[in-house]
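**Student:** Pasting protein.cif below, which is mmCIF, C-alpha atoms; chains and numbers go by the auth columns.
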```cif
data_model
loop_
_atom_site.group_PDB
_atom_site.id
_atom_site.type_symbol
_atom_site.label_atom_id
_atom_site.label_comp_id
_atom_site.label_asym_id
_atom_site.label_seq_id
_atom_site.Cartn_x
_atom_site.Cartn_y
_atom_site.Cartn_z
_atom_site.B_iso_or_equiv
_atom_site.auth_seq_id
_atom_site.auth_asym_id
ATOM 1 C CA GLN A 1 -4.373 22.713 35.880 0.00 1450 A
ATOM 2 C CA VAL A 2 -6.137 19.383 36.343 0.00 1451 A
ATOM 3 C CA GLN A 3 -9.563 19.664 37.938 0.00 1452 A
ATOM 4 C CA LEU A 4 -11.982 16.831 38.644 0.00 1453 A
ATOM 5 C CA VAL A 5 -15.483 17.370 40.008 0.00 1454 A
ATOM 6 C CA GLU A 6 -17.568 14.389 41.091 0.00 1455 A
ATOM 7 C CA SER A 7 -21.335 14.425 41.450 0.00 1456 A
ATOM 8 C CA GLY A 8 -24.300 12.092 41.640 0.00 1457 A
ATOM 9 C CA GLY A 9 -23.919 10.629 45.099 0.00 1458 A
ATOM 10 C CA GLY A 10 -26.731 10.376 47.601 0.00 1459 A
ATOM 11 C CA LEU A 11 -28.732 8.176 49.907 0.00 1460 A
ATOM 12 C CA VAL A 12 -30.068 4.979 48.380 0.00 1461 A
ATOM 13 C CA GLN A 13 -31.677 1.824 49.713 0.00 1462 A
ATOM 14 C CA PRO A 14 -29.928 -1.540 49.465 0.00 1463 A
ATOM 15 C CA GLY A 15 -30.383 -2.938 45.979 0.00 1464 A
ATOM 16 C CA GLY A 16 -30.704 0.527 44.504 0.00 1465 A
ATOM 17 C CA SER A 17 -28.705 2.275 41.807 0.00 1466 A
ATOM 18 C CA LEU A 18 -26.822 5.519 41.292 0.00 1467 A
ATOM 19 C CA THR A 19 -24.825 7.066 38.487 0.00 1468 A
ATOM 20 C CA LEU A 20 -21.751 9.042 39.473 0.00 1469 A
ATOM 21 C CA SER A 21 -20.190 11.596 37.149 0.00 1470 A
ATOM 22 C CA CYS A 22 -16.762 13.186 37.105 0.00 1471 A
ATOM 23 C CA ALA A 23 -16.298 16.295 35.010 0.00 1472 A
ATOM 24 C CA ALA A 24 -12.706 16.977 34.031 0.00 1473 A
ATOM 25 C CA SER A 25 -10.977 20.168 33.013 0.00 1474 A
ATOM 26 C CA GLY A 26 -7.370 21.107 32.354 0.00 1475 A
ATOM 27 C CA PHE A 27 -6.692 17.952 30.377 0.00 1476 A
ATOM 28 C CA THR A 28 -8.368 15.594 27.908 0.00 1477 A
ATOM 29 C CA MET A 29 -9.690 12.374 29.407 0.00 1478 A
ATOM 30 C CA SER A 30 -9.559 10.545 26.125 0.00 1479 A
ATOM 31 C CA GLY A 31 -6.263 8.721 25.920 0.00 1480 A
ATOM 32 C CA ASN A 32 -5.646 9.004 29.652 0.00 1481 A
ATOM 33 C CA THR A 33 -6.086 6.276 32.229 0.00 1482 A
ATOM 34 C CA MET A 34 -8.763 7.143 34.770 0.00 1483 A
ATOM 35 C CA HIS A 35 -9.845 5.411 37.938 0.00 1484 A
ATOM 36 C CA TRP A 36 -12.640 5.378 40.441 0.00 1485 A
ATOM 37 C CA ALA A 37 -11.714 4.830 44.067 0.00 1486 A
ATOM 38 C CA ARG A 38 -13.577 5.096 47.348 0.00 1487 A
ATOM 39 C CA GLN A 39 -12.944 5.615 51.024 0.00 1488 A
ATOM 40 C CA ALA A 40 -15.280 4.342 53.698 0.00 1489 A
ATOM 41 C CA PRO A 41 -15.313 5.864 57.179 0.00 1490 A
ATOM 42 C CA GLY A 42 -12.275 4.757 59.144 0.00 1491 A
ATOM 43 C CA LYS A 43 -10.786 2.859 56.205 0.00 1492 A
ATOM 44 C CA GLY A 44 -8.144 3.432 53.589 0.00 1493 A
ATOM 45 C CA VAL A 45 -8.732 4.299 49.965 0.00 1494 A
ATOM 46 C CA GLU A 46 -9.847 1.347 47.824 0.00 1495 A
ATOM 47 C CA TRP A 47 -9.442 1.040 44.089 0.00 1496 A
ATOM 48 C CA ILE A 48 -12.732 0.267 42.313 0.00 1497 A
ATOM 49 C CA ALA A 49 -12.314 0.464 38.552 0.00 1498 A
ATOM 50 C CA THR A 50 -10.045 1.608 35.762 0.00 1499 A
ATOM 51 C CA ILE A 51 -10.522 2.651 32.179 0.00 1500 A
ATOM 52 C CA SER A 52 -7.217 2.849 30.376 0.00 1501 A
ATOM 53 C CA GLY A 53 -6.118 5.236 27.674 0.00 1502 A
ATOM 54 C CA VAL A 54 -7.102 2.630 25.102 0.00 1503 A
ATOM 55 C CA ASP A 55 -10.417 1.891 26.858 0.00 1504 A
ATOM 56 C CA SER A 56 -9.365 -1.327 28.509 0.00 1505 A
ATOM 57 C CA ILE A 57 -11.517 -1.775 31.615 0.00 1506 A
ATOM 58 C CA SER A 58 -10.902 -3.565 34.891 0.00 1507 A
ATOM 59 C CA TYR A 59 -12.756 -3.835 38.197 0.00 1508 A
ATOM 60 C CA SER A 60 -12.029 -4.853 41.718 0.00 1509 A
ATOM 61 C CA ASP A 61 -13.577 -8.173 42.685 0.00 1510 A
ATOM 62 C CA PHE A 62 -16.010 -6.620 45.146 0.00 1511 A
ATOM 63 C CA VAL A 63 -17.748 -4.504 42.483 0.00 1512 A
ATOM 64 C CA LYS A 64 -17.392 -6.705 39.424 0.00 1513 A
ATOM 65 C CA GLY A 65 -20.787 -7.330 37.858 0.00 1514 A
ATOM 66 C CA ARG A 66 -22.426 -4.499 39.805 0.00 1515 A
ATOM 67 C CA PHE A 67 -20.528 -1.348 38.786 0.00 1516 A
ATOM 68 C CA THR A 68 -19.734 -0.075 35.286 0.00 1517 A
ATOM 69 C CA ILE A 69 -17.112 2.508 34.386 0.00 1518 A
ATOM 70 C CA SER A 70 -17.405 4.532 31.199 0.00 1519 A
ATOM 71 C CA ARG A 71 -16.504 7.885 29.751 0.00 1520 A
ATOM 72 C CA ASP A 72 -17.871 10.373 27.276 0.00 1521 A
ATOM 73 C CA SER A 73 -14.945 11.963 25.460 0.00 1522 A
ATOM 74 C CA ALA A 74 -17.110 14.683 23.933 0.00 1523 A
ATOM 75 C CA LYS A 75 -18.175 15.800 27.415 0.00 1524 A
ATOM 76 C CA ASN A 76 -14.773 15.039 28.987 0.00 1525 A
ATOM 77 C CA THR A 77 -16.665 13.199 31.698 0.00 1526 A
ATOM 78 C CA LEU A 78 -16.109 9.902 33.495 0.00 1527 A
ATOM 79 C CA TYR A 79 -19.004 7.854 34.834 0.00 1528 A
ATOM 80 C CA LEU A 80 -19.565 5.071 37.305 0.00 1529 A
ATOM 81 C CA GLN A 81 -22.877 3.230 37.205 0.00 1530 A
ATOM 82 C CA LEU A 82 -23.568 1.591 40.559 0.00 1531 A
ATOM 83 C CA ASN A 83 -26.165 -1.183 40.673 0.00 1532 A
ATOM 84 C CA ASP A 84 -27.299 -3.573 43.393 0.00 1533 A
ATOM 85 C CA LEU A 85 -25.825 -1.343 46.051 0.00 1534 A
ATOM 86 C CA LYS A 86 -25.015 -2.795 49.452 0.00 1535 A
ATOM 87 C CA PRO A 87 -24.516 -1.097 52.822 0.00 1536 A
ATOM 88 C CA GLN A 88 -20.793 -1.883 52.586 0.00 1537 A
ATOM 89 C CA ASP A 89 -20.634 0.304 49.465 0.00 1538 A
ATOM 90 C CA THR A 90 -21.155 3.350 51.676 0.00 1539 A
ATOM 91 C CA ALA A 91 -18.165 5.615 51.093 0.00 1540 A
ATOM 92 C CA VAL A 92 -16.915 8.785 49.494 0.00 1541 A
ATOM 93 C CA TYR A 93 -16.279 8.049 45.833 0.00 1542 A
ATOM 94 C CA TYR A 94 -13.473 9.747 43.918 0.00 1543 A
ATOM 95 C CA CYS A 95 -12.409 9.872 40.322 0.00 1544 A
ATOM 96 C CA VAL A 96 -8.647 9.870 39.969 0.00 1545 A
ATOM 97 C CA LYS A 97 -6.291 10.587 37.125 0.00 1546 A
ATOM 98 C CA ALA A 98 -3.622 7.882 37.054 0.00 1547 A
ATOM 99 C CA PRO A 99 -1.870 6.760 39.141 0.00 1548 A
ATOM 100 C CA TRP A 100 -4.874 5.763 41.246 0.00 1549 A
ATOM 101 C CA LEU A 101 -3.273 6.087 44.667 0.00 1550 A
ATOM 102 C CA THR A 102 -1.454 9.386 44.221 0.00 1551 A
ATOM 103 C CA GLY A 103 -2.897 11.053 41.132 0.00 1552 A
ATOM 104 C CA PRO A 104 -5.098 14.145 41.081 0.00 1553 A
ATOM 105 C CA ARG A 105 -8.614 13.567 42.334 0.00 1554 A
ATOM 106 C CA GLY A 106 -11.740 15.545 43.010 0.00 1555 A
ATOM 107 C CA GLN A 107 -13.417 16.373 46.288 0.00 1556 A
ATOM 108 C CA GLY A 108 -15.470 13.194 46.120 0.00 1557 A
ATOM 109 C CA THR A 109 -19.167 12.441 46.263 0.00 1558 A
ATOM 110 C CA GLN A 110 -20.821 10.675 49.192 0.00 1559 A
ATOM 111 C CA VAL A 111 -22.740 7.463 48.589 0.00 1560 A
ATOM 112 C CA THR A 112 -24.772 6.160 51.506 0.00 1561 A
ATOM 113 C CA VAL A 113 -26.576 2.840 51.245 0.00 1562 A
ATOM 114 C CA SER A 114 -29.086 2.378 54.013 0.00 1563 A
ATOM 115 C CA SER A 115 -32.674 1.352 54.583 0.00 1564 A
#
```
Before we go any further, please render this structure as structure tokens.
**Tutor:**
Amino acid sequence: QVQLVESGGGLVQPGGSLTLSCAASGFTMSGNTMHWARQAPGKGVEWIATISGVDSISYSDFVKGRFTISRDSAKNTLYLQLNDLKPQDTAVYYCVKAPWLTGPRGQGTQVTVSS
């Protein structure tokens, strides 16, 4: 059974940084395509970043240059480094096993960017 557990969210000031983690169980992340997505209050789910089964990486335009996706195969954990955070980055962040819109995802971790 696929399980994904996100952590690392919190309250941060504009310009700040956070590192989100997603611990996986029930499958091996290595070789699987994984995504990060987010949902802001009153909005739909947005795709943020992807790391493919062969470690090809892509980002949405609104996070490119600020966020970094990575994974540690030994720990079976996915990461998202968030830098230069903006108030519009406030959302619940999810890790998702492909496909990004309908695949299994965790309960999410809240990121709030506010002064």
**Student:** Please determine, counting all atoms listed in the file, which residue among A:Leu1529, A:Met1483, A:Val1512, A:Leu1460 has the shortest atom-to-atom distance to A:Arg1554.
**Tutor:**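 Comparing A:Leu1529, A:Met1483, A:Val1512, A:Leu1460 against A:Arg1554, the winner is A:Met1483.
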**Student:** Hey, what's within 6 Å of A:Ser1470 if we count only C-alpha atoms and toss same-chain stuff fewer than 2 positions away? As an MDAnalysis selection string, please?
**Tutor:** chainID A and resid 1455:1456 1527:1528
**Student:** For the structure shown, which residues end up in the PyMOL selection byres ((chain A and resi 1503) around 12)? Put them as a PyMOL selection string, please?
**Tutor:** chain A and resi 1478-1483+1499-1502+1504-1506+1520
**Student:** Could the residues in this selection be saved with C-alpha atoms as a compact mmCIF listing (two decimals), in the coordinates of the input?
**Tutor:**
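result32.txt was written with the following content:
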```txt
# COMPACT_ATOMS: atom_id res chain seq x y z
CA MET A 1478 -9.69 12.37 29.41
CA SER A 1479 -9.56 10.54 26.12
CA GLY A 1480 -6.26 8.72 25.92
CA ASN A 1481 -5.65 9.00 29.65
CA THR A 1482 -6.09 6.28 32.23
CA MET A 1483 -8.76 7.14 34.77
CA THR A 1499 -10.04 1.61 35.76
CA ILE A 1500 -10.52 2.65 32.18
CA SER A 1501 -7.22 2.85 30.38
CA GLY A 1502 -6.12 5.24 27.67
CA ASP A 1504 -10.42 1.89 26.86
CA SER A 1505 -9.36 -1.33 28.51
CA ILE A 1506 -11.52 -1.78 31.62
CA ARG A 1520 -16.50 7.88 29.75
```
**Student:** With a distance cut-off of 8 Å and all atoms listed in the file, select the neighbouring residues of A:Val1560, excluding the residue or stretch itself and same-chain residues fewer than 2 positions from it, and output the selection as a ChimeraX atom specification.
**Tutor:** /A:1458-1461,1538-1542,1558,1562
**Student:** Which residue out of A:Thr1468, A:Gln1450, A:Thr1551, A:Gln1559 has the minimum interatomic distance to A:Leu1531 when only C-alpha atoms are used?
**Tutor:**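 Counting only C-alpha atoms, the residue closest to A:Leu1531 is A:Thr1468.
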**Student:** Using the atoms already present, construct N, CA, C and O atoms for stretch 1454-1474 of chain A and hand them back as a PDB file, in the coordinates of the input.
**Tutor:**
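Heads up, here's the output in selection_29.pdb:
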```pdb
ATOM      1  N   VAL A1454     -14.331  17.064  39.163  1.00  0.00           N
ATOM      2  CA  VAL A1454     -15.483  17.370  40.008  1.00  0.00           C
ATOM      3  C   VAL A1454     -16.480  16.224  39.926  1.00  0.00           C
ATOM      4  O   VAL A1454     -17.103  16.014  38.879  1.00  0.00           O
ATOM      5  N   GLU A1455     -16.629  15.508  41.034  1.00  0.00           N
ATOM      6  CA  GLU A1455     -17.568  14.389  41.091  1.00  0.00           C
ATOM      7  C   GLU A1455     -18.948  14.866  41.513  1.00  0.00           C
ATOM      8  O   GLU A1455     -19.086  15.853  42.259  1.00  0.00           O
ATOM      9  N   SER A1456     -19.959  14.141  41.063  1.00  0.00           N
ATOM     10  CA  SER A1456     -21.335  14.425  41.450  1.00  0.00           C
ATOM     11  C   SER A1456     -22.159  13.158  41.305  1.00  0.00           C
ATOM     12  O   SER A1456     -21.694  12.170  40.726  1.00  0.00           O
ATOM     13  N   GLY A1457     -23.378  13.207  41.824  1.00  0.00           N
ATOM     14  CA  GLY A1457     -24.300  12.092  41.640  1.00  0.00           C
ATOM     15  C   GLY A1457     -24.499  11.200  42.843  1.00  0.00           C
ATOM     16  O   GLY A1457     -25.321  10.284  42.800  1.00  0.00           O
ATOM     17  N   GLY A1458     -23.753  11.443  43.911  1.00  0.00           N
ATOM     18  CA  GLY A1458     -23.919  10.629  45.099  1.00  0.00           C
ATOM     19  C   GLY A1458     -25.229  10.936  45.801  1.00  0.00           C
ATOM     20  O   GLY A1458     -25.972  11.842  45.413  1.00  0.00           O
ATOM     21  N   GLY A1459     -25.511  10.162  46.839  1.00  0.00           N
ATOM     22  CA  GLY A1459     -26.731  10.376  47.601  1.00  0.00           C
ATOM     23  C   GLY A1459     -27.035   9.216  48.496  1.00  0.00           C
ATOM     24  O   GLY A1459     -26.210   8.314  48.680  1.00  0.00           O
ATOM     25  N   LEU A1460     -28.237   9.243  49.035  1.00  0.00           N
ATOM     26  CA  LEU A1460     -28.732   8.176  49.907  1.00  0.00           C
ATOM     27  C   LEU A1460     -29.606   7.240  49.081  1.00  0.00           C
ATOM     28  O   LEU A1460     -30.528   7.692  48.387  1.00  0.00           O
ATOM     29  N   VAL A1461     -29.315   5.953  49.155  1.00  0.00           N
ATOM     30  CA  VAL A1461     -30.068   4.979  48.380  1.00  0.00           C
ATOM     31  C   VAL A1461     -30.286   3.739  49.228  1.00  0.00           C
ATOM     32  O   VAL A1461     -29.473   3.408  50.099  1.00  0.00           O
ATOM     33  N   GLN A1462     -31.385   3.052  48.982  1.00  0.00           N
ATOM     34  CA  GLN A1462     -31.677   1.824  49.713  1.00  0.00           C
ATOM     35  C   GLN A1462     -30.859   0.665  49.158  1.00  0.00           C
ATOM     36  O   GLN A1462     -30.458   0.681  47.983  1.00  0.00           O
ATOM     37  N   PRO A1463     -30.613  -0.339  49.977  1.00  0.00           N
ATOM     38  CA  PRO A1463     -29.928  -1.540  49.465  1.00  0.00           C
ATOM     39  C   PRO A1463     -30.638  -2.085  48.226  1.00  0.00           C
ATOM     40  O   PRO A1463     -31.871  -2.127  48.179  1.00  0.00           O
ATOM     41  N   GLY A1464     -29.840  -2.470  47.245  1.00  0.00           N
ATOM     42  CA  GLY A1464     -30.383  -2.938  45.979  1.00  0.00           C
ATOM     43  C   GLY A1464     -30.613  -1.845  44.965  1.00  0.00           C
ATOM     44  O   GLY A1464     -30.905  -2.126  43.798  1.00  0.00           O
ATOM     45  N   GLY A1465     -30.469  -0.603  45.386  1.00  0.00           N
ATOM     46  CA  GLY A1465     -30.704   0.527  44.504  1.00  0.00           C
ATOM     47  C   GLY A1465     -29.530   0.830  43.587  1.00  0.00           C
ATOM     48  O   GLY A1465     -28.501   0.136  43.607  1.00  0.00           O
ATOM     49  N   SER A1466     -29.704   1.889  42.804  1.00  0.00           N
ATOM     50  CA  SER A1466     -28.705   2.275  41.807  1.00  0.00           C
ATOM     51  C   SER A1466     -28.414   3.766  41.870  1.00  0.00           C
ATOM     52  O   SER A1466     -29.264   4.554  42.300  1.00  0.00           O
ATOM     53  N   LEU A1467     -27.230   4.120  41.452  1.00  0.00           N
ATOM     54  CA  LEU A1467     -26.822   5.519  41.292  1.00  0.00           C
ATOM     55  C   LEU A1467     -25.884   5.613  40.103  1.00  0.00           C
ATOM     56  O   LEU A1467     -25.200   4.624  39.764  1.00  0.00           O
ATOM     57  N   THR A1468     -25.823   6.789  39.516  1.00  0.00           N
ATOM     58  CA  THR A1468     -24.825   7.066  38.487  1.00  0.00           C
ATOM     59  C   THR A1468     -23.973   8.240  38.942  1.00  0.00           C
ATOM     60  O   THR A1468     -24.498   9.332  39.181  1.00  0.00           O
ATOM     61  N   LEU A1469     -22.697   7.997  39.103  1.00  0.00           N
ATOM     62  CA  LEU A1469     -21.751   9.042  39.473  1.00  0.00           C
ATOM     63  C   LEU A1469     -21.110   9.619  38.220  1.00  0.00           C
ATOM     64  O   LEU A1469     -20.842   8.891  37.254  1.00  0.00           O
ATOM     65  N   SER A1470     -20.855  10.914  38.250  1.00  0.00           N
ATOM     66  CA  SER A1470     -20.190  11.596  37.149  1.00  0.00           C
ATOM     67  C   SER A1470     -18.939  12.295  37.661  1.00  0.00           C
ATOM     68  O   SER A1470     -18.874  12.672  38.828  1.00  0.00           O
ATOM     69  N   CYS A1471     -17.995  12.464  36.776  1.00  0.00           N
ATOM     70  CA  CYS A1471     -16.762  13.186  37.105  1.00  0.00           C
ATOM     71  C   CYS A1471     -16.418  14.054  35.907  1.00  0.00           C
ATOM     72  O   CYS A1471     -15.999  13.545  34.861  1.00  0.00           O
ATOM     73  N   ALA A1472     -16.604  15.351  36.075  1.00  0.00           N
ATOM     74  CA  ALA A1472     -16.298  16.295  35.010  1.00  0.00           C
ATOM     75  C   ALA A1472     -14.848  16.736  35.128  1.00  0.00           C
ATOM     76  O   ALA A1472     -14.406  17.162  36.197  1.00  0.00           O
ATOM     77  N   ALA A1473     -14.125  16.635  34.032  1.00  0.00           N
ATOM     78  CA  ALA A1473     -12.706  16.977  34.031  1.00  0.00           C
ATOM     79  C   ALA A1473     -12.454  18.270  33.279  1.00  0.00           C
ATOM     80  O   ALA A1473     -13.141  18.590  32.303  1.00  0.00           O
ATOM     81  N   SER A1474     -11.460  18.996  33.737  1.00  0.00           N
ATOM     82  CA  SER A1474     -10.977  20.168  33.013  1.00  0.00           C
ATOM     83  C   SER A1474      -9.465  20.251  33.188  1.00  0.00           C
ATOM     84  O   SER A1474      -8.897  19.664  34.104  1.00  0.00           O
TER      85      SER A1474
END
```
